[in-house]
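Down below is the structure, laid out as structure tokens.
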Amino acid sequence: MEVSRQKLPALGTDLGDLSGEDFRIRQLRARDMLRGDLEGRELDAYVEERVLTTTMDKAVAWARSNALFPATFGLACCAIEMMSIVAARVDVARFGFEAFRASPRQADLLILSGRISIKMAPVVRRIYDQMLEPKWAIAMGACSSSMGVFNNYAIVPADKFMPVDVHVPGCPPRPEALMHGILKLRKMIQDDPDMGWREGYGARGTEEVVSADDQETAINVFRPGNTAGA
Amino acid sequence: MSITPSTGASDYRKLEESITMAPMERLESPEDTSQELLTLNMGPHHPATHGVLRLLITLDGEIVRDLKPIIGYVHTGIEKTAEDKSYWKVIPVVERMDYLAYYFNAMAFCGATETLLEVEVPKRAQYLRVIHMELNRIMSHLVWLGTSALDLGAMSMFWYCFRDRELVLDLFEQSSGQRMHTRYFQVGGVIEDVPRGWVEKVREFTAQMPSRVDQYKDLLANNEIVLQRLRGVCPLGEPETRALGVTGPLLRATGNPWDLRKAMPYSSYEDFDFKIPVGLDGDNWDRFAVRVAEIYESVKIIDQALDGLPEGPWITEDRKVALPPRHELATSMEALIHHFKLVTEGFRVPPGEVYFPIESPRGELGCFVRSDGSSKPARVHMRDPSFVNLQATAPMTEGSYIADLIATLAMLDPVLGGIDR
């Protein structure tokens with residue numbers, strides 16, 4: 001999503017300094033406003049005094065970072081610990097990440113909770129591809145970050161086939177550690193809204209756009225009346 | 001940029017696309033469109049398959065006609081990795097097979113190795129093993145109860161069960177430092193004695209656990225929806241179940257009281273007085289009831305083991321197998337040599353092969369170890385109960401509704417880490 005970095009247009013400001021007014025005058029002004037007596041620049045100044053302005057980017061990033069929907073996607077041991085962050089003790093709902101979505105279309109956070117085998121890697125990649133942007137991924141545990149204790153033929157680290165934003169160490173990580181990872185991700189999103197995987201991996205311009213000729217053969221593109229493969 | 005499946009698609013994509021959602025064949029007469037069969041792909045990413053299990057289901061309307069499980073999505077090569085490591089370094093690797101029964105995996109491997117070595121395990125270690133394994137059984141059944149209830153639509157059960165699971169994990173953390181994959185069992189005993197105050201903590205837990213299970217039973221067993229989803233659904237008789245090699249609660253649900261803790265006692269299970277819960281019909285309700293009843297029995301075993309917990313060493317005195325105590329390293333040259341040999345090379349095991357079966361929360365978990373006389377096993381193989389039990393899915397669910405398949409899969413309690421290894 002393209003977000004313009006533009007400050008909201010400032011309203012009329014050359015009305016003189018209102019800060020010196022005492023409380024009584026403010027009260028009268030508020031009463032006038034409610035009555036509809038304030039007009040023009042006076043009204044503008046009144047509204048501006050009471051509106052918190054910020055950049056669009058920051059507001060969007062704040063909203064996004066506080067309502068991440070993780071995908072319901074468990075792989076191995078770590079999945080049990082991932083389930084327990086929703087449970088009573090750690091209770092991820094305190095931060096607003098408890099809405100696990102079974103469909104990747106509705107999720108914007110993929111937690112790779114466990115070991116990814118060579119056979120599973122294309123599936124994981126496909127689930128990640130099916131998620132709508134902006135999207136983030138957390139590699140939970142040693143296996144999905146670096147193959148962990150199984151340094152063998154069967155396991156592939158997540159970074160080899162998809163972009164990962166946060167790595168959480170542990171085998172398996174405690175629920176608190178995963179929680180910390182999610183909060184780190186929240187901080188990343190809030191501090192730098194552009195810290196999606198495209199910017200991180202320099203992947204601007206690689207968006208998949210299906211041309212009109214390929215509409216018929218394209219997979220994963222919704223067409224009315226035909227849901228196969230979508 | 002465009003996507004063209006003809007050029008860019010991998011073999012996997014082709015395979016995946018070969019499964020169409022279109023009607024496939026007709027059962028009887030070509031005119032009768034009500035008899036179309038539909039092939040449905042479920043998984044490997046599906047919340048109700050309890051892991052990355054993939055099922056190819058042939059549906060006749062809502063009725064399941066055929067079912068093929070496709071496994072291997074968490075194949076980790078653990079058995080092969082085990083051949084590369086010295087015996088005592090295999091323990092953390094095999095623990096990660098069935099990730100809800102890590103103490104059992106470690107017990108099966110350690111038991112097999114101890115049999116090959118002919119090492120005597122001290123009584124205290126045997127009792128500590130029993131306590132930890134039964135705590136693990138309770139924990140595994142709690143996870144099963146919570147997630148299965150979630151599959152049936154009972155949301156709050158998940159929170160209650162995971163609350164109690166945390167209590168068990170706190171005990172594991174106290175005794176070993178880790179919540180999961182604790183590596184507490186060691187060849188010849190356990191790695192350390194339990195810390196002071198631990199026994200009292202376990203007693204606190206066992207005192208409250210039966211009343212908690214009472215509550216859960218009251219919540220679920222009197223619930224009309226749960227009863228309708230479970231009672232009389234997807235039964236499988238004792239002969240068929242046994243013929244498929246199914247063990248554990250699934251076999252006991254059919255009325256066969258086969259439990260290795262009674263049949264072939266290991267680790268001093270013969271010292272304890274407990275019952276084997278069995279079912280009558282082998283339907284989903286019995287599978288549910290047997291597991292819930294097993295939690296009470298596990299609590300009983302833990303209490304007895306705590307009462308009779310003997311004093312003494314917690315690991316064998318055989319310095320060729322077990323690490324010497326820390327304080328000896330500063331004073332004894334011999335201890336230093338033993339420590340060095342064990343840490344660098346590990347102990348050597350006499351040639352031979354052994355199969356050591358134990359009763360895991362899901363059934364007979366057996367470990368086959370073959371030794372060629374070196375310090376690394378020549379072959380490690382696990383007979384995982386989930387793997388064998390999974391093949392009963394198709395005969396259980398044939399002719400039932402697809403919604404009942406979800407309930408049956410939940411009551412089957414497969415752990416994919418154990419199946420694929």
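Ordering of the structure tokens sets the chain letters (A, B, ...); residue numbers start at 1 within each chain; ligands are numbered from 1 in the order shown.
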Please return, as a PyMOL selection string, all residues of range 9-141 of chain A that DSSP assigns to strand (DSSP E) on the basis of the backbone.
chain A and resi 109-113+136-140
Can you spit out the residues from that selection as an mmCIF file, in the first residue's frame, using N, CA and C atoms?
data_model
loop_
_atom_site.group_PDB
_atom_site.id
_atom_site.type_symbol
_atom_site.label_atom_id
_atom_site.label_comp_id
_atom_site.auth_asym_id
_atom_site.auth_seq_id
_atom_site.Cartn_x
_atom_site.Cartn_y
_atom_site.Cartn_z
ATOM 1 N N LEU A 109 0.230 -11.788 9.698
ATOM 2 C CA LEU A 109 1.458 -12.209 10.373
ATOM 3 C C LEU A 109 1.545 -13.725 10.291
ATOM 4 N N LEU A 110 2.661 -14.221 9.794
ATOM 5 C CA LEU A 110 2.869 -15.658 9.713
ATOM 6 C C LEU A 110 3.938 -16.027 10.734
ATOM 7 N N ILE A 111 3.550 -16.842 11.715
ATOM 8 C CA ILE A 111 4.515 -17.306 12.710
ATOM 9 C C ILE A 111 4.939 -18.708 12.305
ATOM 10 N N LEU A 112 6.206 -18.857 11.926
ATOM 11 C CA LEU A 112 6.700 -20.168 11.501
ATOM 12 C C LEU A 112 7.091 -20.930 12.751
ATOM 13 N N SER A 113 6.139 -21.679 13.282
ATOM 14 C CA SER A 113 6.329 -22.270 14.599
ATOM 15 C C SER A 113 6.796 -23.708 14.449
ATOM 16 N N TRP A 136 3.879 -9.692 7.533
ATOM 17 C CA TRP A 136 5.139 -9.877 8.269
ATOM 18 C C TRP A 136 5.278 -11.350 8.624
ATOM 19 N N ALA A 137 6.499 -11.758 8.898
ATOM 20 C CA ALA A 137 6.735 -13.154 9.258
ATOM 21 C C ALA A 137 7.696 -13.224 10.440
ATOM 22 N N ILE A 138 7.407 -14.123 11.348
ATOM 23 C CA ILE A 138 8.288 -14.374 12.482
ATOM 24 C C ILE A 138 8.774 -15.812 12.380
ATOM 25 N N ALA A 139 10.082 -16.016 12.399
ATOM 26 C CA ALA A 139 10.628 -17.368 12.468
ATOM 27 C C ALA A 139 10.781 -17.713 13.933
ATOM 28 N N MET A 140 9.922 -18.623 14.405
ATOM 29 C CA MET A 140 9.920 -18.952 15.829
ATOM 30 C C MET A 140 10.768 -20.190 16.044
#
From a DSSP calculation on the backbone, collect every residue of range 46-217 of chain A in alpha helix (DSSP H) and output the set as a PyMOL selection string.
chain A and resi 46-50+56-65+77-86+121-130+141-146+175-191+197-200
Selected residues written out with C-alpha atoms, as a PDB file, in the first residue's frame:
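Wrote it out as result_39.pdb, contents follow:
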ATOM      1  CA  TYR A  46     -11.191  26.519  17.827  1.00  0.00           C
ATOM      2  CA  VAL A  47     -11.145  23.171  15.993  1.00  0.00           C
ATOM      3  CA  GLU A  48      -7.401  23.194  15.474  1.00  0.00           C
ATOM      4  CA  GLU A  49      -6.831  23.740  19.131  1.00  0.00           C
ATOM      5  CA  ARG A  50      -8.644  20.503  19.853  1.00  0.00           C
ATOM      6  CA  MET A  56      -1.027   9.588   7.838  1.00  0.00           C
ATOM      7  CA  ASP A  57       1.845   7.134   7.928  1.00  0.00           C
ATOM      8  CA  LYS A  58       2.109   7.168  11.663  1.00  0.00           C
ATOM      9  CA  ALA A  59      -1.587   6.764  12.210  1.00  0.00           C
ATOM     10  CA  VAL A  60      -1.760   3.820   9.811  1.00  0.00           C
ATOM     11  CA  ALA A  61       1.337   2.210  11.282  1.00  0.00           C
ATOM     12  CA  TRP A  62      -0.051   2.585  14.775  1.00  0.00           C
ATOM     13  CA  ALA A  63      -3.307   0.944  13.782  1.00  0.00           C
ATOM     14  CA  ARG A  64      -1.621  -1.864  11.890  1.00  0.00           C
ATOM     15  CA  SER A  65       0.928  -2.631  14.539  1.00  0.00           C
ATOM     16  CA  CYS A  77       6.842 -28.335  18.852  1.00  0.00           C
ATOM     17  CA  CYS A  78       6.829 -24.526  18.770  1.00  0.00           C
ATOM     18  CA  ALA A  79       3.173 -24.587  17.734  1.00  0.00           C
ATOM     19  CA  ILE A  80       2.226 -25.757  21.213  1.00  0.00           C
ATOM     20  CA  GLU A  81       4.079 -22.830  22.740  1.00  0.00           C
ATOM     21  CA  MET A  82       2.502 -20.556  20.147  1.00  0.00           C
ATOM     22  CA  MET A  83      -0.900 -21.785  21.278  1.00  0.00           C
ATOM     23  CA  SER A  84      -0.041 -21.017  24.864  1.00  0.00           C
ATOM     24  CA  ILE A  85       0.563 -17.329  24.150  1.00  0.00           C
ATOM     25  CA  VAL A  86      -3.181 -17.120  23.547  1.00  0.00           C
ATOM     26  CA  ALA A 121       8.731 -25.344   2.330  1.00  0.00           C
ATOM     27  CA  PRO A 122       6.702 -24.820  -0.895  1.00  0.00           C
ATOM     28  CA  VAL A 123       3.504 -25.002   1.139  1.00  0.00           C
ATOM     29  CA  VAL A 124       4.757 -22.415   3.601  1.00  0.00           C
ATOM     30  CA  ARG A 125       5.869 -20.195   0.745  1.00  0.00           C
ATOM     31  CA  ARG A 126       2.479 -20.510  -0.876  1.00  0.00           C
ATOM     32  CA  ILE A 127       0.676 -19.605   2.333  1.00  0.00           C
ATOM     33  CA  TYR A 128       2.943 -16.567   2.649  1.00  0.00           C
ATOM     34  CA  ASP A 129       2.218 -15.621  -0.959  1.00  0.00           C
ATOM     35  CA  GLN A 130      -1.497 -15.905  -0.348  1.00  0.00           C
ATOM     36  CA  GLY A 141      12.529 -21.252  17.272  1.00  0.00           C
ATOM     37  CA  ALA A 142      15.910 -22.520  16.204  1.00  0.00           C
ATOM     38  CA  CYS A 143      14.689 -24.833  13.411  1.00  0.00           C
ATOM     39  CA  SER A 144      13.002 -22.242  11.234  1.00  0.00           C
ATOM     40  CA  SER A 145      15.812 -19.764  11.849  1.00  0.00           C
ATOM     41  CA  SER A 146      18.886 -21.941  11.429  1.00  0.00           C
ATOM     42  CA  PRO A 175       5.768 -18.053  25.218  1.00  0.00           C
ATOM     43  CA  GLU A 176       7.237 -14.929  26.770  1.00  0.00           C
ATOM     44  CA  ALA A 177      10.018 -14.991  24.183  1.00  0.00           C
ATOM     45  CA  LEU A 178       7.532 -15.193  21.327  1.00  0.00           C
ATOM     46  CA  MET A 179       5.565 -12.401  22.963  1.00  0.00           C
ATOM     47  CA  HIS A 180       8.743 -10.331  23.066  1.00  0.00           C
ATOM     48  CA  GLY A 181       9.302 -11.084  19.385  1.00  0.00           C
ATOM     49  CA  ILE A 182       5.811  -9.924  18.491  1.00  0.00           C
ATOM     50  CA  LEU A 183       6.269  -6.738  20.485  1.00  0.00           C
ATOM     51  CA  LYS A 184       9.592  -6.142  18.713  1.00  0.00           C
ATOM     52  CA  LEU A 185       7.751  -6.500  15.434  1.00  0.00           C
ATOM     53  CA  ARG A 186       5.141  -4.038  16.661  1.00  0.00           C
ATOM     54  CA  LYS A 187       7.889  -1.566  17.476  1.00  0.00           C
ATOM     55  CA  MET A 188       9.417  -2.066  14.028  1.00  0.00           C
ATOM     56  CA  ILE A 189       6.104  -1.362  12.344  1.00  0.00           C
ATOM     57  CA  GLN A 190       5.445   1.691  14.493  1.00  0.00           C
ATOM     58  CA  ASP A 191       8.902   3.218  14.212  1.00  0.00           C
ATOM     59  CA  TRP A 197       9.659  -7.147   3.684  1.00  0.00           C
ATOM     60  CA  ARG A 198       9.722  -5.345   0.314  1.00  0.00           C
ATOM     61  CA  GLU A 199      11.828  -2.504   1.671  1.00  0.00           C
ATOM     62  CA  GLY A 200      13.890  -4.792   3.855  1.00  0.00           C
TER      63      GLY A 200
END
Near-Phe274 in chain B list (9 Å; only C-alpha atoms; drop same-chain fewer than 4 positions) as a list in words:
Glu297, Ser298, Lys300 and Ile301 of chain B
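Coordinates place CA of Thr217 in chain A at a distance of 22.1 Å from CA of Gly205 in chain A.
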Kindly determine which residues of chain A lie within 6 Å of chain B, considering only C-alpha atoms, and give the answer as a list in words.
Leu75, Cys77, Ala87, Ala88, Ser117, Lys119, Met120, Ala154, Glu208, Val209, Val210 and Ala218 of chain A
Using the selection just defined, write its residues with N, CA and C atoms as a PDB file, in the first residue's frame.
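Below you can see out-v9.pdb, which holds the result:
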ATOM      1  N   LEU A  75       3.487 -25.794  12.992  1.00  0.00           N
ATOM      2  CA  LEU A  75       4.308 -26.771  12.289  1.00  0.00           C
ATOM      3  C   LEU A  75       4.733 -27.910  13.208  1.00  0.00           C
ATOM      4  N   CYS A  77       6.824 -28.582  17.405  1.00  0.00           N
ATOM      5  CA  CYS A  77       6.842 -28.335  18.852  1.00  0.00           C
ATOM      6  C   CYS A  77       6.467 -26.890  19.197  1.00  0.00           C
ATOM      7  N   ALA A  87      -3.247 -18.459  25.576  1.00  0.00           N
ATOM      8  CA  ALA A  87      -3.878 -18.985  26.779  1.00  0.00           C
ATOM      9  C   ALA A  87      -3.733 -18.023  27.945  1.00  0.00           C
ATOM     10  N   ALA A  88      -4.214 -18.469  29.089  1.00  0.00           N
ATOM     11  CA  ALA A  88      -4.468 -17.553  30.189  1.00  0.00           C
ATOM     12  C   ALA A  88      -3.218 -16.862  30.718  1.00  0.00           C
ATOM     13  N   SER A 117      10.331 -28.705   6.766  1.00  0.00           N
ATOM     14  CA  SER A 117      11.025 -29.705   5.965  1.00  0.00           C
ATOM     15  C   SER A 117      11.050 -29.248   4.517  1.00  0.00           C
ATOM     16  N   LYS A 119       9.813 -30.757   2.135  1.00  0.00           N
ATOM     17  CA  LYS A 119       8.498 -31.011   1.561  1.00  0.00           C
ATOM     18  C   LYS A 119       7.507 -29.914   1.934  1.00  0.00           C
ATOM     19  N   MET A 120       7.702 -29.329   3.113  1.00  0.00           N
ATOM     20  CA  MET A 120       6.746 -28.334   3.599  1.00  0.00           C
ATOM     21  C   MET A 120       7.057 -26.943   3.061  1.00  0.00           C
ATOM     22  N   ALA A 154      16.912 -32.848   5.828  1.00  0.00           N
ATOM     23  CA  ALA A 154      15.467 -32.723   5.722  1.00  0.00           C
ATOM     24  C   ALA A 154      14.954 -31.311   5.986  1.00  0.00           C
ATOM     25  N   GLU A 208       3.485  -8.719  -8.249  1.00  0.00           N
ATOM     26  CA  GLU A 208       2.947  -9.530  -9.336  1.00  0.00           C
ATOM     27  C   GLU A 208       1.709  -8.855  -9.895  1.00  0.00           C
ATOM     28  N   VAL A 209       1.828  -8.377 -11.109  1.00  0.00           N
ATOM     29  CA  VAL A 209       0.685  -7.775 -11.778  1.00  0.00           C
ATOM     30  C   VAL A 209       0.344  -8.651 -12.970  1.00  0.00           C
ATOM     31  N   VAL A 210      -0.879  -9.090 -13.018  1.00  0.00           N
ATOM     32  CA  VAL A 210      -1.276  -9.995 -14.090  1.00  0.00           C
ATOM     33  C   VAL A 210      -1.819  -9.165 -15.241  1.00  0.00           C
ATOM     34  N   ALA A 218      -3.738 -17.326 -15.338  1.00  0.00           N
ATOM     35  CA  ALA A 218      -3.095 -17.005 -14.065  1.00  0.00           C
ATOM     36  C   ALA A 218      -3.721 -17.794 -12.926  1.00  0.00           C
TER      37      ALA A 218
END
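Here CA of Arg348 in chain B is placed at a distance of 7.6 Å from CA of Lys376 in chain B.
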